Every structure is written in C-alpha cells, then in structure tokens.
Amino acid sequence: SQQGEEDPQALSIQEGENATMNCSYKTSINNLQWYRQNSGRGLVHLILIRSNEREKHSGRLRVTLDTSKKSSSLLITASRAADTASYFCATARGGSQGNLIFGKGTKLSVKP
Amino acid sequence: DSGVTQTPKHLITATGQRVTLRCSPRSGDLSVYWYQQSLDQGLQFLIQYYNGEERAKGNILERFSAQQFPDLHSELNLSSLELGDSALYFCASSPGQGGQPQHFGDGTRLSIL
C-alpha cells in the first residue's frame, strides 16, 4: 500500500524556475527520503530528513518536514533540463525493518 | 553507477512460466530489497533480506519467493506468471538493516505475453 501521496502528479516549468513538490504520509516515521527516477532507470537517492529535523539542504535541493501535518516538501531551485525526472518521497519506520514505502511520484518536466 | 547490478535487463515470457531475477548488491551492503513498479500500483515493496535472513515482507505474492546467498547476491523467483505480473522489478541495497538510503539497480523489465 502507498504511504505517501505526492502532489502535484505532474509539473511542467521553464529552465531557471523553481519546482516544489509535496508529499503527505500516514503513519509515524523514522525518516523521510526523496528519490529521483529518470525514465526507465533505477531510483537515485537525493536527500534524507530525520523525524526530528525540520529542514535540510543539499545543493539546489531544500527539503522540509512537518511531522504534525505528516507532510514534506522538496524544492528544486534554478531548475535545469537535466532535472526532468519523476520524484518520489519514501518513508522509513526504522528499526530492523528497512523497507521504504513510496508515494506515486511527481513527474517533473523542465523545458529549456 | 549505483553499484547494484541486476540481470537480466529485459525478460519476455509467457503466462504460467517461471523466471529468476538476479541482483548483486553494492559492495559492503548487507541488506537487499526487492520492489515491483507498475503503472497502476506504483512502487511496491516485496521483501527484504539482511545478511542472508529474511527481515521484512511486503506485498509479495505466494507465487513469488526470494533468497539471499552467502555471497550476498539475491534472487527473486516468480512462478505461475500472470499477465498482471508484467512490471519493472527493482533490487536495492543498503549497508544496514533499516531506514538508510537505498541504492537501486536499473531493474529488470518483465513482460508476460
């Protein structure tokens, strides 16, 4: 079953613009992770934010986490055509069970 | 390159058949995870192995089974295949048991005719 729900399902922007994707989840978590998937390829880990963190940055990526609302957002600043991909949030409960529960993803298209 | 190797890349077979998908985890990673990705179900967790032992089970059908060998590579066996089993099957690995970033292979695309 899906844990996360990304919003929007699809996003089309111009190069240089910022892209914001949102994710909501249902149960308590240990951490939340964002992944990128280029068409037909495997997922690539982007960033992990722990449940006791509110914001995290990595290069052009900024992630926020609001555990009271069970939601997270991923901001990509100054987007590039190479950022075109699907983006997924995934939640981890921690402990000995390491599986991630993925949302359905946001398909981002960045036009040059 | 994630360091996770999956073979074969593509597999075409018929209903009722059995196939084996293979995964070699990133060097040093002890956990292997299997996921199924389809258009209607999205990314579904199937099963996790840690250092040869089953650790967690997700939405894995009884017709599916997996194992992790002493050299840490893993195989996912799918039997009595149905049209609905057509999907991308991903293997991922991580160093420890839980909650860490996972490194994904490029998947095996299974097509059932």
# chains A, B, ... in the order shown; residues from 1 in each chain; ligands from 1
call {"tool": "interface_residues", "arguments": {"of": "chain B", "to": "chain A", "cutoff": "12 Å", "atoms": "only C-alpha atoms", "output": "number ranges by chain"}}
result
B: 1-6, 9-10, 30-50, 53-60, 87-109
call {"tool": "residues_around", "arguments": {"residues": "Lys107 (chain A)", "least_positions_apart": "4", "cutoff": "8 Å", "atoms": "only C-alpha atoms", "output": "VMD selection string"}}
result
chain A and resid 9 to 11 84 to 87
call {"tool": "atom_distance", "arguments": {"atom1": "CA of Asn51 (chain B)", "atom2": "CA of Asp71 (chain B)"}}
result
9.1 Å
call {"tool": "atom_distance", "arguments": {"atom1": "CA of Ser24 (chain A)", "atom2": "CA of Glu6 (chain A)"}}
result
6.6 Å
call {"tool": "atom_distance", "arguments": {"atom1": "CA of Pro25 (chain B)", "atom2": "CA of Asn77 (chain B)"}}
result
16.9 Å
call {"tool": "residues_around", "arguments": {"residues": "Glu75 (chain B)", "least_positions_apart": "2", "cutoff": "9 Å", "atoms": "only C-alpha atoms", "output": "list of chain:residue names"}}
result
B:Thr20, B:Leu21, B:Arg22, B:Cys23, B:Ser24, B:Ser65, B:Ala66, B:Gln67, B:Gln68, B:Phe69, B:His73, B:Asn77
call {"tool": "write_last_selection", "arguments": {"atoms": "N, CA, C and O atoms", "output": "short mmCIF file (atom, residue, chain, number, x, y, z; two decimals), in the first residue's frame"}}
result
data_model
loop_
_atom_site.label_atom_id
_atom_site.label_comp_id
_atom_site.auth_asym_id
_atom_site.auth_seq_id
_atom_site.Cartn_x
_atom_site.Cartn_y
_atom_site.Cartn_z
N THR B 20 13.65 -16.28 -12.98
CA THR B 20 14.50 -15.90 -11.85
C THR B 20 15.22 -14.60 -12.19
O THR B 20 15.87 -14.49 -13.23
N LEU B 21 15.08 -13.64 -11.29
CA LEU B 21 15.76 -12.36 -11.43
C LEU B 21 16.91 -12.33 -10.43
O LEU B 21 16.77 -12.77 -9.29
N ARG B 22 18.03 -11.77 -10.89
CA ARG B 22 19.22 -11.80 -10.06
C ARG B 22 19.69 -10.41 -9.70
O ARG B 22 19.57 -9.47 -10.50
N CYS B 23 20.24 -10.28 -8.50
CA CYS B 23 20.71 -8.98 -8.01
C CYS B 23 22.02 -9.14 -7.27
O CYS B 23 22.13 -9.97 -6.36
N SER B 24 23.00 -8.32 -7.62
CA SER B 24 24.24 -8.24 -6.85
C SER B 24 24.26 -6.88 -6.16
O SER B 24 24.24 -5.85 -6.83
N SER B 65 9.04 -15.88 -4.59
CA SER B 65 9.91 -16.19 -3.46
C SER B 65 11.27 -15.58 -3.73
O SER B 65 11.60 -15.25 -4.87
N ALA B 66 12.02 -15.41 -2.68
CA ALA B 66 13.35 -14.82 -2.83
C ALA B 66 14.30 -15.48 -1.86
O ALA B 66 13.89 -16.15 -0.91
N GLN B 67 15.58 -15.27 -2.10
CA GLN B 67 16.59 -15.71 -1.15
C GLN B 67 17.84 -14.87 -1.34
O GLN B 67 18.05 -14.26 -2.39
N GLN B 68 18.63 -14.84 -0.29
CA GLN B 68 19.92 -14.15 -0.34
C GLN B 68 20.99 -15.19 -0.01
O GLN B 68 20.90 -15.89 1.01
N PHE B 69 22.00 -15.26 -0.84
CA PHE B 69 23.02 -16.29 -0.72
C PHE B 69 24.18 -15.80 0.15
O PHE B 69 24.29 -14.62 0.45
N HIS B 73 24.48 -12.02 -2.87
CA HIS B 73 23.62 -11.75 -4.02
C HIS B 73 22.25 -12.35 -3.72
O HIS B 73 22.09 -13.23 -2.87
N ASN B 77 12.38 -15.24 -7.40
CA ASN B 77 11.76 -16.25 -8.26
C ASN B 77 10.27 -15.95 -8.40
O ASN B 77 9.57 -15.79 -7.41
#
call {"tool": "select_by_dssp", "arguments": {"residues": "chain B", "states": "strand (DSSP E or B)", "output": "count of residues only"}}
result
60
call {"tool": "closest_residue", "arguments": {"among": "A:Leu108, A:Cys23, A:Asp7, A:Ile49", "to": "Ser72 (chain A)", "atoms": "only C-alpha atoms"}}
result
A:Cys23
call {"tool": "decode", "arguments": {"residues": "region 11-41 of chain B", "atoms": "N, CA and C atoms", "output": "PDB file, in the first residue's frame"}}
result
ATOM      1  N   LEU B  11      13.114  -9.289 -19.837  1.00  0.00           N
ATOM      2  CA  LEU B  11      12.708 -10.686 -19.841  1.00  0.00           C
ATOM      3  C   LEU B  11      11.313 -10.754 -20.445  1.00  0.00           C
ATOM      4  N   ILE B  12      11.171 -11.559 -21.479  1.00  0.00           N
ATOM      5  CA  ILE B  12       9.855 -11.749 -22.093  1.00  0.00           C
ATOM      6  C   ILE B  12       9.514 -13.222 -21.991  1.00  0.00           C
ATOM      7  N   THR B  13       8.358 -13.508 -21.430  1.00  0.00           N
ATOM      8  CA  THR B  13       7.972 -14.898 -21.264  1.00  0.00           C
ATOM      9  C   THR B  13       6.456 -15.009 -21.360  1.00  0.00           C
ATOM     10  N   ALA B  14       5.959 -16.197 -21.162  1.00  0.00           N
ATOM     11  CA  ALA B  14       4.532 -16.446 -21.329  1.00  0.00           C
ATOM     12  C   ALA B  14       3.869 -16.740 -19.990  1.00  0.00           C
ATOM     13  N   THR B  15       2.555 -16.652 -19.987  1.00  0.00           N
ATOM     14  CA  THR B  15       1.821 -16.964 -18.762  1.00  0.00           C
ATOM     15  C   THR B  15       2.089 -18.403 -18.348  1.00  0.00           C
ATOM     16  N   GLY B  16       2.118 -18.609 -17.036  1.00  0.00           N
ATOM     17  CA  GLY B  16       2.345 -19.936 -16.492  1.00  0.00           C
ATOM     18  C   GLY B  16       3.802 -20.304 -16.308  1.00  0.00           C
ATOM     19  N   GLN B  17       4.686 -19.497 -16.863  1.00  0.00           N
ATOM     20  CA  GLN B  17       6.114 -19.811 -16.776  1.00  0.00           C
ATOM     21  C   GLN B  17       6.709 -19.348 -15.446  1.00  0.00           C
ATOM     22  N   ARG B  18       7.982 -19.708 -15.269  1.00  0.00           N
ATOM     23  CA  ARG B  18       8.731 -19.329 -14.064  1.00  0.00           C
ATOM     24  C   ARG B  18      10.009 -18.627 -14.510  1.00  0.00           C
ATOM     25  N   VAL B  19      10.368 -17.548 -13.787  1.00  0.00           N
ATOM     26  CA  VAL B  19      11.594 -16.829 -14.097  1.00  0.00           C
ATOM     27  C   VAL B  19      12.357 -16.522 -12.818  1.00  0.00           C
ATOM     28  N   THR B  20      13.652 -16.279 -12.980  1.00  0.00           N
ATOM     29  CA  THR B  20      14.504 -15.901 -11.852  1.00  0.00           C
ATOM     30  C   THR B  20      15.219 -14.603 -12.186  1.00  0.00           C
ATOM     31  N   LEU B  21      15.076 -13.640 -11.295  1.00  0.00           N
ATOM     32  CA  LEU B  21      15.760 -12.363 -11.430  1.00  0.00           C
ATOM     33  C   LEU B  21      16.915 -12.335 -10.434  1.00  0.00           C
ATOM     34  N   ARG B  22      18.032 -11.770 -10.892  1.00  0.00           N
ATOM     35  CA  ARG B  22      19.221 -11.804 -10.057  1.00  0.00           C
ATOM     36  C   ARG B  22      19.687 -10.405  -9.703  1.00  0.00           C
ATOM     37  N   CYS B  23      20.237 -10.282  -8.495  1.00  0.00           N
ATOM     38  CA  CYS B  23      20.707  -8.981  -8.013  1.00  0.00           C
ATOM     39  C   CYS B  23      22.018  -9.143  -7.266  1.00  0.00           C
ATOM     40  N   SER B  24      22.997  -8.319  -7.620  1.00  0.00           N
ATOM     41  CA  SER B  24      24.236  -8.243  -6.847  1.00  0.00           C
ATOM     42  C   SER B  24      24.259  -6.885  -6.160  1.00  0.00           C
ATOM     43  N   PRO B  25      24.283  -6.861  -4.829  1.00  0.00           N
ATOM     44  CA  PRO B  25      24.232  -5.588  -4.113  1.00  0.00           C
ATOM     45  C   PRO B  25      25.551  -4.823  -4.235  1.00  0.00           C
ATOM     46  N   ARG B  26      25.486  -3.583  -3.817  1.00  0.00           N
ATOM     47  CA  ARG B  26      26.687  -2.748  -3.767  1.00  0.00           C
ATOM     48  C   ARG B  26      27.671  -3.381  -2.799  1.00  0.00           C
ATOM     49  N   SER B  27      28.957  -3.284  -3.088  1.00  0.00           N
ATOM     50  CA  SER B  27      29.972  -3.888  -2.247  1.00  0.00           C
ATOM     51  C   SER B  27      29.846  -3.378  -0.810  1.00  0.00           C
ATOM     52  N   GLY B  28      29.784  -4.292   0.135  1.00  0.00           N
ATOM     53  CA  GLY B  28      29.689  -3.929   1.543  1.00  0.00           C
ATOM     54  C   GLY B  28      28.280  -3.833   2.084  1.00  0.00           C
ATOM     55  N   ASP B  29      27.286  -3.794   1.202  1.00  0.00           N
ATOM     56  CA  ASP B  29      25.898  -3.713   1.664  1.00  0.00           C
ATOM     57  C   ASP B  29      25.395  -5.096   2.055  1.00  0.00           C
ATOM     58  N   LEU B  30      24.729  -5.165   3.209  1.00  0.00           N
ATOM     59  CA  LEU B  30      24.244  -6.443   3.714  1.00  0.00           C
ATOM     60  C   LEU B  30      22.744  -6.638   3.460  1.00  0.00           C
ATOM     61  N   SER B  31      22.022  -5.547   3.277  1.00  0.00           N
ATOM     62  CA  SER B  31      20.579  -5.640   3.012  1.00  0.00           C
ATOM     63  C   SER B  31      20.300  -5.564   1.521  1.00  0.00           C
ATOM     64  N   VAL B  32      19.371  -6.425   1.112  1.00  0.00           N
ATOM     65  CA  VAL B  32      18.859  -6.390  -0.256  1.00  0.00           C
ATOM     66  C   VAL B  32      17.347  -6.276  -0.167  1.00  0.00           C
ATOM     67  N   TYR B  33      16.791  -5.411  -0.987  1.00  0.00           N
ATOM     68  CA  TYR B  33      15.340  -5.188  -1.052  1.00  0.00           C
ATOM     69  C   TYR B  33      14.871  -5.434  -2.480  1.00  0.00           C
ATOM     70  N   TRP B  34      13.676  -5.982  -2.597  1.00  0.00           N
ATOM     71  CA  TRP B  34      13.058  -6.136  -3.913  1.00  0.00           C
ATOM     72  C   TRP B  34      11.783  -5.293  -3.955  1.00  0.00           C
ATOM     73  N   TYR B  35      11.620  -4.577  -5.069  1.00  0.00           N
ATOM     74  CA  TYR B  35      10.431  -3.754  -5.293  1.00  0.00           C
ATOM     75  C   TYR B  35       9.863  -4.065  -6.671  1.00  0.00           C
ATOM     76  N   GLN B  36       8.557  -3.901  -6.781  1.00  0.00           N
ATOM     77  CA  GLN B  36       7.876  -4.040  -8.062  1.00  0.00           C
ATOM     78  C   GLN B  36       7.290  -2.686  -8.427  1.00  0.00           C
ATOM     79  N   GLN B  37       7.526  -2.237  -9.674  1.00  0.00           N
ATOM     80  CA  GLN B  37       6.962  -0.966 -10.116  1.00  0.00           C
ATOM     81  C   GLN B  37       6.066  -1.195 -11.330  1.00  0.00           C
ATOM     82  N   SER B  38       4.809  -0.824 -11.173  1.00  0.00           N
ATOM     83  CA  SER B  38       3.867  -0.908 -12.287  1.00  0.00           C
ATOM     84  C   SER B  38       3.084   0.386 -12.348  1.00  0.00           C
ATOM     85  N   LEU B  39       2.456   0.629 -13.493  1.00  0.00           N
ATOM     86  CA  LEU B  39       1.741   1.889 -13.685  1.00  0.00           C
ATOM     87  C   LEU B  39       0.586   2.038 -12.702  1.00  0.00           C
ATOM     88  N   ASP B  40      -0.137   0.939 -12.462  1.00  0.00           N
ATOM     89  CA  ASP B  40      -1.319   1.065 -11.607  1.00  0.00           C
ATOM     90  C   ASP B  40      -0.994   0.987 -10.114  1.00  0.00           C
ATOM     91  N   GLN B  41       0.018   0.220  -9.735  1.00  0.00           N
ATOM     92  CA  GLN B  41       0.325   0.038  -8.308  1.00  0.00           C
ATOM     93  C   GLN B  41       1.463   0.910  -7.809  1.00  0.00           C
TER      94      GLN B  41
END
